[in-house]
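Okay, coords.txt now, which holds compact mmCIF, C-alpha atoms:
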# COMPACT_ATOMS: atom_id res chain seq x y z
CA MET A 222 99.03 119.97 81.74
CA LYS A 223 101.61 122.71 81.50
CA SER A 224 100.47 126.29 81.98
CA LEU A 225 101.93 128.83 79.62
CA LEU A 226 101.41 132.59 79.78
CA TYR A 227 102.13 134.65 76.69
CA ILE A 228 102.56 138.36 77.33
CA GLU A 229 102.03 139.85 73.89
CA ASP A 230 100.00 142.65 72.31
CA ASP A 231 100.54 141.76 68.66
CA ASP A 232 97.66 139.78 67.16
CA ILE A 233 99.79 138.09 64.50
CA ASP A 234 102.36 136.89 67.04
CA ILE A 235 99.53 135.57 69.20
CA LEU A 236 98.03 133.78 66.20
CA LEU A 237 101.39 132.20 65.37
CA LEU A 238 101.90 130.92 68.89
CA ARG A 239 98.36 129.54 69.03
CA ARG A 240 99.02 127.72 65.78
CA LEU A 241 102.35 126.42 67.03
CA ILE A 242 100.95 124.88 70.20
CA LYS A 243 97.65 123.69 68.73
CA PRO A 244 98.86 120.05 68.39
CA LEU A 245 100.34 120.14 71.89
CA HIS A 246 97.19 119.30 73.81
CA THR A 247 99.01 119.23 77.12
CA ILE A 248 99.60 123.00 77.16
CA ASN A 249 97.11 125.42 78.63
CA LEU A 250 97.68 128.89 77.18
CA ASP A 251 96.75 132.25 78.72
CA ILE A 252 97.41 135.52 76.94
CA VAL A 253 97.70 139.02 78.30
CA GLY A 254 98.41 142.13 76.23
CA THR A 255 99.01 144.93 78.74
CA PHE A 256 101.08 145.45 81.87
CA GLN A 257 97.95 146.58 83.69
CA ASN A 258 96.27 143.22 83.00
CA LEU A 259 99.47 141.32 83.73
CA ARG A 260 99.48 142.73 87.26
CA GLN A 261 96.09 141.13 87.91
CA LEU A 262 97.45 137.62 87.39
CA ASP A 263 98.91 135.16 89.89
CA LEU A 264 102.15 134.35 88.07
CA SER A 265 103.00 131.41 90.29
CA ASN A 266 100.40 129.38 88.37
CA TYR A 267 102.53 129.28 85.23
CA ASP A 268 105.17 126.73 84.29
CA LEU A 269 106.58 129.16 81.74
CA ILE A 270 106.00 132.80 80.86
CA LEU A 271 106.87 134.01 77.38
CA SER A 272 107.06 137.77 77.30
CA ASP A 273 107.43 140.28 74.54
CA SER A 274 110.12 142.78 75.41
CA ASN A 275 107.79 145.76 75.00
CA LEU A 276 104.15 146.36 75.82
CA PRO A 277 102.10 149.50 75.14
CA ASP A 278 102.25 150.40 78.84
CA ALA A 279 105.61 148.86 79.90
CA ASP A 280 109.15 148.69 78.59
CA TYR A 281 111.70 145.85 78.80
CA ALA A 282 113.22 147.07 82.08
CA THR A 283 109.83 147.27 83.80
CA LEU A 284 108.82 143.84 82.58
CA MET A 285 112.17 142.32 83.51
CA GLN A 286 111.92 143.66 87.04
CA TYR A 287 108.31 142.58 87.46
CA LEU A 288 108.95 139.06 86.12
CA GLN A 289 112.35 138.49 87.72
CA ASN A 290 111.19 135.77 90.13
CA THR A 291 109.26 133.78 87.55
CA ASN A 292 110.25 131.26 84.91
CA VAL A 293 110.24 133.88 82.15
CA GLN A 294 111.61 133.75 78.63
CA PHE A 295 111.73 137.05 76.74
CA VAL A 296 111.06 137.15 73.02
CA SER A 297 111.57 139.91 70.48
CA GLY A 298 111.32 140.52 66.75
CA ILE A 299 114.94 139.76 65.99
CA GLY A 300 116.02 137.94 69.14
CA GLU A 301 119.19 138.59 71.13
CA PRO A 302 120.94 135.24 71.70
CA GLU A 303 123.67 136.84 73.85
CA GLN A 304 120.98 138.06 76.27
CA ASN A 305 118.97 134.84 75.98
CA VAL A 306 116.10 136.56 74.17
CA TRP A 307 114.34 134.32 71.66
CA ALA A 308 113.45 135.51 68.19
CA LYS A 309 109.88 135.53 66.87
CA PRO A 310 108.23 133.48 65.55
CA ILE A 311 108.91 131.19 68.48
CA ASP A 312 110.78 128.01 67.64
CA LEU A 313 108.89 124.82 68.51
CA LYS A 314 112.00 122.93 69.55
CA LEU A 315 113.09 125.68 71.95
CA LEU A 316 109.63 125.86 73.46
CA LEU A 317 109.29 122.09 73.90
CA ASN A 318 112.75 121.83 75.43
CA ARG A 319 112.05 124.64 77.84
CA LEU A 320 108.77 123.13 78.96
CA TYR A 321 109.54 119.43 79.04
CA ARG A 322 113.28 118.77 79.02
CA ASP A 323 113.70 118.45 82.78
CA ALA A 324 111.34 115.55 83.42
CA GLU A 325 113.29 113.99 86.23
CA PRO A 326 111.96 110.86 87.94
CA GLN A 327 110.16 111.33 91.25
CA LEU A 328 110.34 108.14 93.23
CA ASN A 329 107.11 108.70 95.21
CA TYR A 330 105.22 106.10 93.18
CA ILE A 331 107.87 103.42 93.71
CA GLU A 332 108.24 104.41 97.40
CA GLU A 333 104.49 104.05 97.96
CA LEU A 334 104.47 100.80 96.05
CA ALA A 335 107.38 99.44 98.08
CA ASP A 336 105.93 100.67 101.37
CA GLY A 337 109.28 100.36 103.12
CA ASP A 338 110.24 97.08 101.44
CA MET A 339 113.73 97.93 100.18
CA ASN A 340 114.10 94.69 98.24
CA PHE A 341 110.96 95.42 96.29
CA LYS A 342 112.07 99.01 95.69
CA ARG A 343 115.36 97.78 94.27
CA GLU A 344 113.61 95.14 92.17
CA MET A 345 111.25 97.76 90.74
CA ILE A 346 114.05 100.19 89.91
CA THR A 347 116.12 97.38 88.37
CA THR A 348 113.15 96.37 86.20
CA ALA A 349 112.62 99.97 85.11
CA LEU A 350 116.33 100.19 84.27
CA GLU A 351 115.96 97.13 82.05
CA ILE A 352 112.86 98.43 80.28
CA LEU A 353 113.75 102.08 79.66
CA PRO A 354 116.69 101.37 77.30
CA GLU A 355 114.45 98.97 75.33
CA ARG A 356 111.82 101.68 74.98
CA LYS A 357 114.46 104.19 73.94
CA SER A 358 115.78 101.87 71.29
CA SER A 359 112.25 101.19 69.99
CA LEU A 360 111.52 104.92 69.75
CA GLN A 361 114.72 105.54 67.84
CA LYS A 362 113.83 103.10 65.06
CA THR A 363 113.72 105.33 62.01
CA ASN A 364 110.94 103.37 60.30
CA LEU A 365 108.58 103.70 63.24
CA LYS A 366 105.44 105.57 62.21
CA GLY A 367 101.68 105.76 62.70
CA SER A 368 100.05 103.13 64.91
CA ASP A 369 103.38 101.36 65.54
CA LEU A 370 104.82 104.58 66.94
CA LYS A 371 101.65 105.13 68.95
CA LYS A 372 101.99 101.67 70.50
CA VAL A 373 105.60 102.24 71.55
CA ALA A 374 104.73 105.66 73.00
CA HIS A 375 101.79 104.14 74.83
CA LYS A 376 103.87 101.36 76.33
CA THR A 377 106.53 103.82 77.45
CA ILE A 378 103.90 105.78 79.39
CA SER A 379 103.54 102.91 81.89
CA SER A 380 107.24 102.89 82.69
CA PHE A 381 107.30 106.69 82.95
CA ARG A 382 104.28 106.73 85.25
CA VAL A 383 105.80 104.26 87.69
CA CYS A 384 109.11 106.15 87.67
CA GLY A 385 107.20 109.38 88.41
CA MET A 386 108.27 110.97 85.14
CA ASP A 387 106.15 113.49 83.24
CA THR A 388 104.20 111.63 80.53
CA SER A 389 103.03 114.77 78.66
CA VAL A 390 105.48 114.44 75.77
CA LEU A 391 104.64 110.77 75.27
CA SER A 392 100.97 111.59 75.36
CA MET A 393 101.48 114.24 72.65
CA LEU A 394 103.50 111.76 70.62
CA GLU A 395 100.80 109.11 70.92
CA THR A 396 98.19 111.53 69.60
CA GLU A 397 100.32 113.07 66.86
CA ALA A 398 101.60 109.71 65.56
CA VAL A 399 98.21 108.60 64.22
CA LYS A 400 96.95 111.94 62.91
CA PRO A 401 96.23 111.77 59.17
CA SER A 402 98.28 114.94 58.70
CA ALA A 403 100.98 114.09 61.25
CA ASN A 404 103.66 116.73 61.61
CA ASP A 405 106.98 114.91 61.04
CA GLU A 406 109.01 117.76 62.48
CA LEU A 407 106.95 117.76 65.66
CA ILE A 408 107.21 113.97 65.94
CA LYS A 409 110.97 114.15 65.52
CA ASN A 410 111.22 116.79 68.26
CA LEU A 411 108.95 114.86 70.60
CA ILE A 412 110.95 111.64 70.13
CA ALA A 413 114.20 113.53 70.80
CA LEU A 414 112.71 114.92 74.00
CA VAL A 415 111.53 111.50 75.20
CA VAL A 416 114.95 110.03 74.47
CA HIS A 417 116.52 112.81 76.54
CA GLN A 418 114.01 112.19 79.33
CA ILE A 419 114.82 108.47 79.29
CA ASP A 420 118.56 109.20 79.51
CA THR A 421 117.96 111.53 82.46
CA GLY A 422 115.65 108.97 84.04
CA ILE A 423 118.19 106.16 83.70
CA LYS A 424 120.90 108.30 85.32
CA MET A 425 118.71 109.21 88.27
CA LEU A 426 117.34 105.71 88.74
CA LYS A 427 120.88 104.30 88.77
CA ALA A 428 121.80 106.85 91.43
CA ALA A 429 118.71 105.90 93.46
CA LEU A 430 119.58 102.21 93.13
CA ASN A 431 123.11 102.80 94.34
CA ALA A 432 121.84 104.85 97.26
CA SER A 433 119.26 102.26 98.33
CA MET B 44 80.74 86.56 94.72
CA LEU B 45 84.38 86.48 93.62
CA ALA B 46 85.38 84.43 96.70
CA SER B 47 88.58 82.51 96.01
CA LYS B 48 88.37 82.38 92.22
CA GLU B 49 91.49 83.19 90.27
CA ILE B 50 92.09 86.58 88.72
CA LEU B 51 93.48 86.47 85.19
CA LEU B 52 95.69 89.44 84.37
CA LEU B 53 96.48 90.04 80.71
CA GLU B 54 99.31 92.55 80.65
CA ASP B 55 102.60 92.51 78.78
CA ASP B 56 104.35 95.30 80.68
CA ILE B 57 106.38 93.84 83.53
CA VAL B 58 106.33 97.12 85.46
CA ASP B 59 102.52 97.17 85.34
CA VAL B 60 102.34 93.50 86.32
CA MET B 61 104.56 94.16 89.35
CA THR B 62 102.45 97.19 90.29
CA ILE B 63 99.14 95.36 90.07
CA GLN B 64 100.40 92.29 91.96
CA ARG B 65 101.88 94.50 94.64
CA ALA B 66 98.66 96.49 95.01
CA LEU B 67 96.59 93.28 95.27
CA LYS B 68 98.93 92.05 97.98
CA GLN B 69 98.78 95.33 99.91
CA LEU B 70 94.97 95.21 99.72
CA ASN B 71 95.04 91.68 101.12
CA ILE B 72 93.36 90.32 98.03
CA THR B 73 94.38 86.71 98.27
CA ASN B 74 92.92 85.42 95.00
CA THR B 75 95.63 83.82 92.89
CA CYS B 76 96.64 86.20 90.10
CA ILE B 77 97.53 84.41 86.87
CA VAL B 78 99.56 86.57 84.48
CA LYS B 79 99.54 86.17 80.71
CA THR B 80 101.25 88.62 78.41
CA ASN B 81 98.99 88.66 75.35
CA GLY B 82 95.55 87.66 74.12
CA GLU B 83 96.71 84.38 72.61
CA GLU B 84 98.17 83.24 75.91
CA GLY B 85 94.95 84.37 77.62
CA LEU B 86 92.77 82.23 75.34
CA GLU B 87 95.14 79.32 75.76
CA TYR B 88 94.81 79.62 79.51
CA LEU B 89 90.99 79.71 79.34
CA ARG B 90 91.02 76.59 77.14
CA ASN B 91 93.16 74.60 79.58
CA CYS B 92 92.37 75.87 83.08
CA GLU B 93 90.55 73.58 85.52
CA GLU B 94 88.32 76.36 86.83
CA LEU B 95 87.51 79.58 84.98
CA PRO B 96 88.84 82.78 86.55
CA GLY B 97 86.41 84.95 88.48
CA LEU B 98 87.63 88.15 86.90
CA ILE B 99 89.86 89.24 84.04
CA PHE B 100 91.95 92.40 84.12
CA LEU B 101 92.72 93.25 80.52
CA ASP B 102 95.25 95.59 78.98
CA ILE B 103 94.45 96.79 75.47
CA ASN B 104 97.84 97.28 73.88
CA MET B 105 99.57 93.93 73.82
CA PRO B 106 101.67 92.17 71.19
CA LYS B 107 100.48 89.23 69.05
CA MET B 108 96.82 89.54 70.06
CA ASN B 109 95.64 92.78 71.62
CA GLY B 110 92.93 93.20 74.23
CA ILE B 111 90.14 93.98 71.78
CA GLU B 112 90.91 90.92 69.62
CA PHE B 113 90.98 88.81 72.78
CA LEU B 114 87.59 90.18 73.91
CA LYS B 115 86.05 89.53 70.52
CA LEU B 116 87.06 85.85 70.62
CA MET B 117 86.33 85.15 74.27
CA LYS B 118 82.85 86.66 74.08
CA GLN B 119 82.01 84.29 71.22
CA ASN B 120 82.57 81.31 73.51
CA ASP B 121 79.50 80.42 75.60
CA ASN B 122 81.59 79.17 78.52
CA TRP B 123 83.79 82.23 78.73
CA SER B 124 81.47 85.03 77.72
CA ARG B 125 80.10 85.55 81.24
CA ILE B 126 83.50 86.07 82.87
CA PRO B 127 83.59 89.71 83.98
CA VAL B 128 86.31 91.62 82.17
CA ILE B 129 87.68 94.91 83.45
CA VAL B 130 89.86 96.88 81.09
CA LEU B 131 92.83 98.34 82.94
CA THR B 132 94.64 100.76 80.69
CA THR B 133 96.35 104.11 80.28
CA SER B 134 94.39 104.71 77.07
CA ASN B 135 91.78 107.45 77.15
CA ASP B 136 91.03 106.83 73.48
CA GLN B 137 87.28 106.96 72.84
CA ARG B 138 87.59 104.31 70.11
CA ASP B 139 89.06 101.86 72.64
CA LYS B 140 86.17 102.58 75.01
CA ASP B 141 83.58 102.16 72.24
CA GLU B 142 85.12 98.90 71.03
CA THR B 143 85.52 97.28 74.44
CA PHE B 144 82.09 98.28 75.81
CA LYS B 145 80.60 96.87 72.61
CA PHE B 146 81.95 93.49 73.75
CA GLY B 147 80.23 93.72 77.12
CA ILE B 148 83.08 94.59 79.46
CA SER B 149 82.25 95.16 83.13
CA GLY B 150 84.41 98.24 83.50
CA TYR B 151 86.97 100.49 81.83
CA MET B 152 89.55 101.81 84.26
CA ILE B 153 92.19 104.33 83.32
CA LYS B 154 95.25 103.82 85.47
CA PRO B 155 95.61 106.91 87.66
CA VAL B 156 98.87 108.84 87.87
CA GLY B 157 99.39 108.25 91.61
CA TYR B 158 99.84 104.85 93.24
CA ASP B 159 97.45 105.57 96.12
CA ASP B 160 94.72 106.40 93.63
CA PHE B 161 95.49 103.22 91.73
CA LYS B 162 95.22 101.16 94.92
CA GLU B 163 91.96 102.89 95.78
CA MET B 164 90.62 101.97 92.36
CA LEU B 165 91.52 98.30 92.80
CA SER B 166 89.99 98.36 96.26
CA ALA B 167 86.72 99.71 94.81
CA ILE B 168 86.71 96.92 92.21
CA GLN B 169 87.27 94.36 94.94
CA THR B 170 84.45 95.79 97.06
CA TYR B 171 82.08 95.80 94.10
CA TRP B 172 82.79 92.17 93.19
CA ASN B 173 82.46 91.10 96.81
CA ILE B 174 79.00 92.66 96.98
CA SER B 175 77.79 91.73 93.52
CA GLU B 176 76.55 88.28 92.67
CA HIS B 177 78.89 86.48 90.33
CA PRO B 178 77.53 85.29 86.95
CA TYR B 179 78.52 81.66 87.58

Rewrite the structure of this file - the entire thing - as structure tokens.
Amino acid sequence: MKSLLYIEDDDIDILLLRRLIKPLHTINLDIVGTFQNLRQLDLSNYDLILSDSNLPDADYATLMQYLQNTNVQFVSGIGEPEQNVWAKPIDLKLLLNRLYRDAEPQLNYIEELADGDMNFKREMITTALEILPERKSSLQKTNLKGSDLKKVAHKTISSFRVCGMDTSVLSMLETEAVKPSANDELIKNLIALVVHQIDTGIKMLKAALNAS
Amino acid sequence: MLASKEILLLEDDIVDVMTIQRALKQLNITNTCIVKTNGEEGLEYLRNCEELPGLIFLDINMPKMNGIEFLKLMKQNDNWSRIPVIVLTTSNDQRDKDETFKFGISGYMIKPVGYDDFKEMLSAIQTYWNISEHPY
């Protein structure tokens, strides 16, 4: 689960974000509408903080200073790309990328599995390096939909788990793929993210293999 | 008790096969682990083996014949229907649980995220089947 905090006092903006992340069952959303309430929270619990640039009791400068050591993304009515401020309503692709793009492999699982056996570690990484491109190519098949897509996503989860990669996006994809009213745009974004994660994973696993 | 009976593993993902075999080895589970990669191969093995396996670890999502189709057919056979089957999957789908329990599985295990937890799970299964009487 990813934890997201939305600092926002406008009910419509809150409604829009709730609607946007409703299909993303791996996001836990908290909302706070005033600076006073914001100060009560432990901000280290959040993977990402989306903050309006103005609250009834705090301006942009105050918020920026208070949130400077967190993973914050400011949003405003019109957005200011040159200052990296997103426009409302929040774009799904931007949000997904920000939350899930950096799913780098953690080799703890393989290390524990190998238990000091370097040959086994190399064998496992080599196998993962054979499988991941196959999974990527399966996911990129343009005619893949519904239960077929779900199956590919499901199978990819195993490889991700062993490589210590975040399986949240695949899990979302698995669920969304078989919904009667599946959101094609969301599916497209999720597949693009998984493909990016696989590419990153392959790069890091190759580096780990060379280093071992 | 499971004693030295074979364990039949039905799993098509090579990474999962390597993980399970490795965990069995680290837990000093010396039963021979026979690997088949889909339900058809599993049924073929049951038809031709000299001695039936003591336990089947079953994945649900497999090509050709999936785990649920395999269960349906094996449970119709009087000789095979008593073999304990433990579903080992990443699927938390309630429909998969409903379907597989309907066919009398002995357990439904969702593979944990961490390897230590996974090993602990296999160890618990081993302990249970060493304590429990075996159906044949």

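The interface of chain B with chain A at 7 Å, considering all atoms listed in the file, consists of Val58, Asp59, Arg65, Asn104, Val156, Gly157 and Tyr158 of chain B.
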
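Of the residues under consideration (B:Thr62, B:Ser124, B:Thr133, B:Ser47), B:Ser47 shows the shortest atom-to-atom contact distance to B:Asn74 when counting only C-alpha atoms.
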
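Using all atoms listed in the file, the smallest distance between any of B:Glu94, B:Glu176, B:Glu49, B:Glu163 and B:Thr73 comes from B:Glu49.
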
For this session: Figure out the distance between atom CA of B:Phe100 and atom CA of B:Thr143, please, to one decimal in Å.
Result: 12.6 Å

Report, as JSON, the centre and edge lengths in Å (one decimal) of the axis-aligned box enclosing every listed atom of stretch 54-58 of chain B, padded by 4 Å on each side.
{"center_x": 102.8, "center_y": 94.8, "center_z": 82.1, "size_x": 15.1, "size_y": 12.6, "size_z": 14.7}

Exercise. Any idea what the distance is between atom CA of B:Phe113 and atom CA of B:Glu84?
Worked result: 9.6 Å

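Nearest to B:Trp123 of all the residues B:Lys154, B:Arg90, B:Lys145, B:Arg138 is B:Arg90, based on only C-alpha atoms.
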
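For the pair atom CA of A:Val253 and atom CA of A:Leu226, the interatomic distance is 7.6 Å.
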
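Comparing the minimum interatomic distances between B:Arg125 and each of B:Ile99, B:Met108, B:Cys76, B:Leu67, counting all atoms listed in the file, we find that B:Ile99 sits nearest.
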
Problem set entry | Close residues, stretch 309-323 of chain A itself excluded, 9 Å, all atoms listed in the file, min 6 positions apart in chain, as a ChimeraX atom specification | /A:223,225,234,237-238,241-242,268-269,296-300,387,389-390,407,410-411,414-415,417-418,421

Problem set entry | Among the residues B:Glu112, B:Asp102, B:Asp136, B:Asp121, the one that comes closest to A:Lys371 [using only C-alpha atoms] | B:Asp136

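Residue nearest A:Asn292 within the list A:Ser224, A:Asn364, A:Ile248, A:Leu350: A:Ser224 [criterion: smallest interatomic distance, all atoms listed in the file].
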
For this session: Up to 10 Å from (83.9, 86.3, 84.7) in the file's coordinates: name the residues, counting only C-alpha atoms, as a ChimeraX atom specification.
Result: /B:45,48-51,95-99,122-129,148-149,177-179

Now that the selection is made, can you save its residues with C-alpha atoms as a compact mmCIF listing (two decimals), in the frame of the given file?
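Wrote result_17.txt, looks like this:
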# COMPACT_ATOMS: atom_id res chain seq x y z
CA LEU B 45 84.38 86.48 93.62
CA LYS B 48 88.37 82.38 92.22
CA GLU B 49 91.49 83.19 90.27
CA ILE B 50 92.09 86.58 88.72
CA LEU B 51 93.48 86.47 85.19
CA LEU B 95 87.51 79.58 84.98
CA PRO B 96 88.84 82.78 86.55
CA GLY B 97 86.41 84.95 88.48
CA LEU B 98 87.63 88.15 86.90
CA ILE B 99 89.86 89.24 84.04
CA ASN B 122 81.59 79.17 78.52
CA TRP B 123 83.79 82.23 78.73
CA SER B 124 81.47 85.03 77.72
CA ARG B 125 80.10 85.55 81.24
CA ILE B 126 83.50 86.07 82.87
CA PRO B 127 83.59 89.71 83.98
CA VAL B 128 86.31 91.62 82.17
CA ILE B 129 87.68 94.91 83.45
CA ILE B 148 83.08 94.59 79.46
CA SER B 149 82.25 95.16 83.13
CA HIS B 177 78.89 86.48 90.33
CA PRO B 178 77.53 85.29 86.95
CA TYR B 179 78.52 81.66 87.58

What's around B:Ile103 at 8 Å? Count only C-alpha atoms, leave out sequence neighbours fewer than 3 positions away in its own chain, and write the answer as a tab-separated table (two decimals) with C-alpha atoms, in the coordinates of the input.
chain	number	residue	atom	x	y	z
B	109	ASN	CA	95.64	92.78	71.62
B	110	GLY	CA	92.93	93.20	74.23
B	111	ILE	CA	90.14	93.98	71.78
B	130	VAL	CA	89.86	96.88	81.09
B	131	LEU	CA	92.83	98.34	82.94
B	132	THR	CA	94.64	100.76	80.69
B	139	ASP	CA	89.06	101.86	72.64

Exercise. Mind listing as number ranges by chain all residues within 12 Å of (103.9, 143.7, 82.6), counting all atoms listed in the file?
Worked result: A: 226-230, 252-262, 264, 270-289, 293, 295

For this session: Do a neighbour search on A:Ala432 at 12 Å with all atoms listed in the file, toss out local chain neighbours closer than 2 positions, and write the hits as a VMD selection string.
Result: chain A and resid 339 342 to 343 346 425 to 430

Print the selection's residues with C-alpha atoms to a file, as a PDB file, in the coordinates of the input.
ATOM      1  CA  MET A 339     113.730  97.930 100.180  1.00  0.00           C
ATOM      2  CA  LYS A 342     112.070  99.010  95.690  1.00  0.00           C
ATOM      3  CA  ARG A 343     115.360  97.780  94.270  1.00  0.00           C
ATOM      4  CA  ILE A 346     114.050 100.190  89.910  1.00  0.00           C
ATOM      5  CA  MET A 425     118.710 109.210  88.270  1.00  0.00           C
ATOM      6  CA  LEU A 426     117.340 105.710  88.740  1.00  0.00           C
ATOM      7  CA  LYS A 427     120.880 104.300  88.770  1.00  0.00           C
ATOM      8  CA  ALA A 428     121.800 106.850  91.430  1.00  0.00           C
ATOM      9  CA  ALA A 429     118.710 105.900  93.460  1.00  0.00           C
ATOM     10  CA  LEU A 430     119.580 102.210  93.130  1.00  0.00           C
TER      11      LEU A 430
END
